[in-house]
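Below: work-v5.cif (mmCIF, C-alpha atoms)
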data_protein
loop_
_atom_site.label_atom_id
_atom_site.label_comp_id
_atom_site.auth_asym_id
_atom_site.auth_seq_id
_atom_site.Cartn_x
_atom_site.Cartn_y
_atom_site.Cartn_z
CA MET A 1 100.81 65.16 62.38
CA SER A 2 97.69 64.95 64.43
CA LEU A 3 96.17 61.95 66.12
CA SER A 4 93.64 60.02 64.04
CA ARG A 5 90.09 60.43 65.27
CA ARG A 6 88.85 57.33 63.45
CA VAL A 7 88.42 55.16 66.52
CA SER A 8 86.12 52.16 66.42
CA LEU A 9 83.44 51.72 69.06
CA ARG A 10 85.25 48.66 70.44
CA GLN A 11 88.54 50.59 70.73
CA SER A 12 86.87 53.55 72.41
CA LEU A 13 85.14 51.29 74.93
CA ARG A 14 88.46 49.55 75.66
CA TYR A 15 90.06 52.92 76.49
CA ARG A 16 90.47 52.78 80.23
CA GLY A 17 88.88 56.12 81.02
CA GLN A 18 86.40 54.15 83.13
CA PRO A 19 83.16 55.74 84.44
CA GLY A 20 84.32 59.34 84.07
CA MET A 21 84.97 58.84 80.35
CA LEU A 22 81.68 56.99 79.77
CA ASN A 23 79.76 59.72 81.61
CA TRP A 24 81.58 62.36 79.56
CA ALA A 25 80.58 60.65 76.29
CA LEU A 26 76.98 60.13 77.44
CA HIS A 27 76.83 63.77 78.56
CA ARG A 28 77.73 64.91 75.03
CA VAL A 29 75.32 62.53 73.33
CA THR A 30 72.41 63.40 75.64
CA GLY A 31 73.17 67.15 75.33
CA LEU A 32 73.03 66.94 71.54
CA GLY A 33 69.87 64.85 71.89
CA ILE A 34 68.19 67.57 73.94
CA VAL A 35 69.18 70.24 71.40
CA ALA A 36 67.77 68.05 68.60
CA PHE A 37 64.51 67.42 70.48
CA VAL A 38 63.98 71.06 71.53
CA GLY A 39 64.80 72.28 68.02
CA MET A 40 62.34 69.75 66.54
CA HIS A 41 59.68 70.62 69.10
CA VAL A 42 59.93 74.42 68.70
CA THR A 43 59.97 74.22 64.88
CA ALA A 44 57.08 71.74 64.67
CA ALA A 45 54.94 73.58 67.26
CA PHE A 46 55.54 76.88 65.47
CA GLY A 47 54.75 75.32 62.07
CA LEU A 48 51.62 73.64 63.41
CA GLN A 49 50.38 76.89 64.93
CA GLN A 50 51.15 79.10 61.92
CA PHE A 51 50.58 76.88 58.87
CA GLY A 52 49.09 73.57 60.04
CA GLY A 53 50.33 71.01 57.54
CA ALA A 54 51.07 67.29 57.54
CA LEU A 55 54.83 67.62 58.13
CA SER A 56 54.46 69.53 61.40
CA ALA A 57 51.70 67.17 62.54
CA GLY A 58 53.86 64.15 61.69
CA VAL A 59 56.89 65.49 63.58
CA THR A 60 54.62 66.30 66.56
CA ALA A 61 53.13 62.79 66.55
CA PHE A 62 56.68 61.39 66.40
CA TYR A 63 58.01 63.26 69.43
CA GLU A 64 54.81 62.75 71.41
CA SER A 65 54.99 58.95 70.99
CA TRP A 66 55.89 57.12 74.18
CA PRO A 67 59.12 55.41 72.94
CA PHE A 68 60.49 58.83 71.96
CA GLN A 69 59.41 60.24 75.34
CA LEU A 70 61.47 57.51 77.03
CA VAL A 71 64.57 58.61 75.08
CA VAL A 72 63.96 62.32 75.70
CA TYR A 73 63.44 61.79 79.42
CA PHE A 74 66.61 59.68 79.59
CA CYS A 75 68.57 62.47 77.87
CA ILE A 76 67.20 65.20 80.13
CA LEU A 77 67.55 63.33 83.42
CA PHE A 78 71.01 61.95 82.67
CA HIS A 79 72.23 65.36 81.48
CA ALA A 80 70.76 66.96 84.63
CA THR A 81 72.21 64.50 87.17
CA ASN A 82 75.60 64.17 85.50
CA GLY A 83 75.78 67.92 84.85
CA ALA A 84 75.00 68.68 88.48
CA ARG A 85 77.81 66.35 89.59
CA VAL A 86 80.32 67.87 87.14
CA ALA A 87 79.34 71.46 88.00
CA LEU A 88 79.57 70.83 91.75
CA MET A 89 82.94 69.08 91.37
CA ASP A 90 84.25 71.98 89.28
CA LEU A 91 83.00 74.65 91.67
CA PHE A 92 84.16 72.72 94.79
CA PRO A 93 87.37 70.95 93.70
CA GLY A 94 87.62 69.18 97.07
CA LEU A 95 84.87 66.88 95.79
CA LEU A 96 87.15 65.61 92.97
CA ARG A 97 88.60 63.05 95.41
CA TYR A 98 85.16 61.45 95.67
CA GLN A 99 84.41 61.20 91.95
CA HIS A 100 83.57 57.50 92.03
CA GLU A 101 81.33 57.84 95.07
CA LEU A 102 79.59 60.80 93.45
CA ILE A 103 79.01 58.79 90.26
CA TRP A 104 77.37 56.06 92.38
CA LEU A 105 75.26 58.75 94.07
CA GLN A 106 74.35 60.16 90.66
CA TRP A 107 73.07 56.77 89.47
CA ALA A 108 71.31 56.18 92.78
CA ILE A 109 69.32 59.35 92.09
CA PHE A 110 68.94 58.66 88.38
CA LEU A 111 67.61 55.10 88.53
CA PRO A 112 64.44 55.66 90.64
CA ALA A 113 63.83 59.09 89.12
CA TYR A 114 64.01 57.54 85.64
CA GLY A 115 62.56 54.13 86.42
CA LEU A 116 59.28 55.28 87.93
CA PRO A 117 58.17 57.63 85.11
CA ALA A 118 59.56 55.15 82.56
CA PHE A 119 57.37 52.42 84.07
CA VAL A 120 54.34 54.74 83.88
CA LEU A 121 55.16 55.70 80.26
CA ILE A 122 55.61 52.06 79.16
CA HIS A 123 52.52 50.92 81.07
CA THR A 124 50.38 53.72 79.59
CA GLY A 125 51.85 53.08 76.14
CA LEU A 126 51.17 49.35 76.17
CA VAL A 127 48.04 49.07 78.32
CA GLY A 128 46.49 52.51 77.97
CA GLY A 129 45.97 55.25 80.56
CA MET B 1 104.74 59.62 71.00
CA GLN B 2 102.30 60.94 68.45
CA PRO B 3 101.15 64.49 69.20
CA SER B 4 97.42 64.91 69.72
CA ARG B 5 95.19 67.51 68.11
CA PRO B 6 96.12 71.16 68.76
CA ILE B 7 94.56 72.63 71.88
CA ARG B 8 92.72 75.89 71.52
CA SER B 9 94.03 78.77 73.58
CA ALA B 10 91.43 79.56 76.20
CA GLY B 11 91.22 83.22 77.09
CA PRO B 12 89.10 84.95 79.75
CA TRP B 13 86.05 84.85 77.45
CA GLU B 14 86.32 81.08 77.09
CA TYR B 15 86.70 80.81 80.86
CA SER B 16 83.59 82.90 81.50
CA LEU B 17 81.62 80.66 79.12
CA TRP B 18 82.97 77.60 80.96
CA LEU B 19 81.75 79.12 84.22
CA PHE B 20 78.43 80.13 82.60
CA THR B 21 77.82 76.52 81.53
CA ARG B 22 78.20 75.32 85.15
CA LEU B 23 76.19 78.14 86.73
CA SER B 24 73.38 78.10 84.14
CA GLY B 25 73.14 74.31 84.46
CA LEU B 26 72.72 74.52 88.23
CA GLY B 27 70.39 77.51 87.72
CA LEU B 28 68.19 75.48 85.36
CA LEU B 29 67.93 72.70 87.95
CA LEU B 30 66.93 75.29 90.56
CA LEU B 31 64.32 76.81 88.21
CA GLY B 32 62.95 73.33 87.47
CA ALA B 33 62.64 72.63 91.20
CA ILE B 34 60.90 75.98 91.76
CA SER B 35 58.41 75.46 88.91
CA MET B 36 57.63 71.95 90.21
CA GLY B 37 57.10 73.28 93.75
CA ALA B 38 54.92 76.10 92.44
CA ALA B 39 52.88 73.63 90.37
CA PHE B 40 52.13 71.65 93.56
CA LEU B 41 51.17 74.89 95.37
CA MET B 42 48.78 75.72 92.50
CA GLY B 43 47.04 72.37 92.95
CA GLY B 44 49.09 70.44 90.40
CA ARG B 45 48.87 67.21 92.41
CA SER B 46 45.22 66.70 91.47
CA LEU B 47 45.19 68.73 88.24
CA LEU B 48 48.28 67.52 86.36
CA ASP B 49 49.23 64.08 85.14
CA MET B 50 52.93 63.19 85.18
CA PRO B 51 53.80 64.19 81.58
CA ALA B 52 52.12 67.59 82.05
CA MET B 53 54.11 68.09 85.27
CA LEU B 54 57.36 67.25 83.47
CA ARG B 55 56.48 69.57 80.58
CA TRP B 56 55.67 72.37 83.03
CA MET B 57 58.93 71.76 84.94
CA PHE B 58 61.16 72.12 81.91
CA PHE B 59 59.29 75.04 80.34
CA THR B 60 56.68 76.93 82.38
CA ASN B 61 54.44 77.75 79.44
CA PRO B 62 50.62 77.58 79.81
CA ASN B 63 50.52 75.60 76.52
CA HIS B 64 52.33 72.84 78.37
CA VAL B 65 49.47 72.32 80.85
CA VAL B 66 46.52 73.18 78.61
CA ASN B 67 45.68 69.48 77.97
CA SER B 68 45.45 68.67 81.68
CA ASN B 69 42.57 68.90 84.19
CA ILE B 70 43.12 72.59 84.92
CA PRO B 71 39.70 74.22 84.31
CA ASP B 72 41.04 77.72 83.63
CA VAL B 73 44.72 77.93 82.73
CA THR B 74 44.73 81.73 82.81
CA ALA B 75 44.09 81.72 86.57
CA GLY B 76 47.50 81.36 88.21
CA TRP B 77 49.20 79.43 85.41
CA SER B 78 49.31 82.20 82.80
CA ASN B 79 50.48 85.61 83.99
CA ALA B 80 53.34 88.10 83.81
CA PHE B 81 55.32 86.28 86.50
CA TRP B 82 55.42 83.02 84.57
CA GLN B 83 56.11 84.89 81.31
CA VAL B 84 59.20 86.58 82.77
CA TYR B 85 60.16 83.28 84.44
CA SER B 86 59.85 81.43 81.10
CA MET B 87 61.99 84.04 79.36
CA LEU B 88 64.73 83.65 81.98
CA LEU B 89 64.50 79.87 81.68
CA ILE B 90 64.58 79.85 77.88
CA PHE B 91 67.49 82.32 77.80
CA LEU B 92 69.58 80.17 80.15
CA ALA B 93 68.60 76.94 78.39
CA THR B 94 69.28 78.12 74.83
CA ALA B 95 72.55 79.87 75.75
CA HIS B 96 73.68 76.71 77.57
CA GLY B 97 72.61 74.48 74.68
CA PHE B 98 74.01 76.49 71.78
CA ASN B 99 77.30 77.03 73.63
CA GLY B 100 77.40 73.28 74.23
CA VAL B 101 76.93 72.55 70.52
CA ARG B 102 79.70 75.06 69.79
CA MET B 103 82.03 73.32 72.27
CA VAL B 104 81.36 69.88 70.76
CA LEU B 105 81.79 71.02 67.15
CA GLU B 106 84.90 73.09 67.84
CA ASP B 107 86.58 69.96 69.18
CA TRP B 108 86.41 68.73 65.59
CA LEU B 109 87.00 71.97 63.68
CA THR B 110 90.52 73.39 63.50
CA ASN B 111 90.25 75.69 60.48
CA PRO B 112 89.65 79.27 61.82
CA LEU B 113 87.44 80.10 58.84
CA TRP B 114 85.08 77.19 59.53
CA VAL B 115 85.07 78.08 63.22
CA ALA B 116 83.98 81.62 62.31
CA VAL B 117 81.28 80.29 59.95
CA LEU B 118 80.04 77.88 62.64
CA ARG B 119 79.91 80.60 65.29
CA THR B 120 77.98 82.94 62.98
CA CYS B 121 75.46 80.22 62.09
CA LEU B 122 74.95 79.21 65.74
CA PHE B 123 74.61 82.84 66.82
CA LEU B 124 71.95 83.52 64.15
CA LEU B 125 70.09 80.29 65.04
CA TRP B 126 70.22 81.24 68.72
CA GLY B 127 68.94 84.77 68.04
CA SER B 128 66.05 83.64 65.82
CA GLY B 129 65.22 80.85 68.29
CA LEU B 130 65.04 83.39 71.11
CA VAL B 131 62.73 85.63 69.06
CA ILE B 132 60.40 82.68 68.33
CA ALA B 133 60.48 81.61 71.99
CA ILE B 134 59.61 85.11 73.24
CA TYR B 135 56.79 85.29 70.67
CA VAL B 136 55.44 81.93 71.90
CA ILE B 137 55.68 83.07 75.53
CA LEU B 138 53.92 86.39 74.95
CA ALA B 139 51.26 84.92 72.64
CA SER B 140 50.18 82.19 75.10
#

Encoded form using structure tokens:
Amino acid sequence: MSLSRRVSLRQSLRYRGQPGMLNWALHRVTGLGIVAFVGMHVTAAFGLQQFGGALSAGVTAFYESWPFQLVVYFCILFHATNGARVALMDLFPGLLRYQHELIWLQWAIFLPAYGLPAFVLIHTGLVGG
Amino acid sequence: MQPSRPIRSAGPWEYSLWLFTRLSGLGLLLLGAISMGAAFLMGGRSLLDMPAMLRWMFFTNPNHVVNSNIPDVTAGWSNAFWQVYSMLLIFLATAHGFNGVRMVLEDWLTNPLWVAVLRTCLFLLWGSGLVIAIYVILAS
């Protein structure tokens, strides 16, 4: 008898894994997001170059729109900062004692590095370049 | 207490992929830093807007900077060095990504047959993706 995997969002958020668990979940979601974006981008760019066509042009217009760019950049930057923390903690296990401090450091790097380009993207999207 | 899902046995191959994920991830960050530094050395500060810089960082392909202020992309931005560099980057990135998808999906798949089918599909997708990527790199 295996454990049921049908867990509601509220139950999963109540699970007291705390920041490590939330970062783990976000790492998976953002990783799959990057794979989806890169797959979409490569396929659409290849289709546009080889055949032209409205579908490829539509997909390209979709992923070049500024709201989508905000999501993609969030995925990439979160995956990069969180992945760097996890990789360094795994390669240097002494750092495991400072997991919470490292998570704070990770967000201290993430927020300005995301916020500044995000501001530029939103400003350009709403006001024009 | 209710037993949880069965845990896969992790052999040396699984361990080397675990290590590869960490090392390729750090390697990709290093490559991104190098391509950003090189873009500044090639005059990127006045030639590239921010999106073009980000595109160039994550994949050093001349197509990614062709819409910027660079008058002649072939000078400096498009040569054998960046082609080999792009191939290394795309190999690390796709291997990291497809292995990641495999890890996520195999947490949910327990039937060995479906695991084999999944691995074959991902391997074929990875191989054809690499061929397309190398074509794009060499054709631009």

**OP:** At a cut-off of 9 Å, list the chain A residues touching chain B, using all atoms listed in the file, as a list of chain:residue names.
**Re:**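 Putting it all together, I get A:Met1, A:Ser2, A:Leu3, A:Ser4, A:Arg28, A:Gly31, A:Leu32, A:Ile34, A:Val35, A:Gly39, A:Val42, A:Phe46, A:Ala80, A:Gly83, A:Ala84, A:Val86, A:Ala87, A:Leu88, A:Asp90, A:Leu91, A:Pro117, A:Val120, A:Leu121.
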
Subject >> Shell around B:Asn63 at 9 Å using only C-alpha atoms, local window under 5 positions removed, as JSON, numbers by chain >> reply: {"B": [56, 73, 140]}

**OP:** For the point (48.5, 79.7, 83.8) in the file's frame, write as a list in words all residues with an atom no more than 10 Å away, counting all atoms listed in the file.
**Re:**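 With a cut-off of 10 Å, the residues come to Ala39, Met42, Thr60, Asn61, Pro62, Asn63, His64, Val65, Val66, Ile70, Asp72, Val73, Thr74, Ala75, Gly76, Trp77, Ser78, Asn79, Ala80, Phe81, Trp82, Gln83 and Ser140 of chain B.
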
Original post:
Suppose you want the space between atom CA of A:Gln106 and atom CA of B:Arg102; what is it in Å?
Top reply: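 Distance reported for this atom pair: 26.2 Å.
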
Subject >> For atom CA of B:Ser46 and atom CA of B:Tyr85, the interatomic separation in Å (one decimal) >> reply: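 Those two atoms sit 23.4 Å apart.
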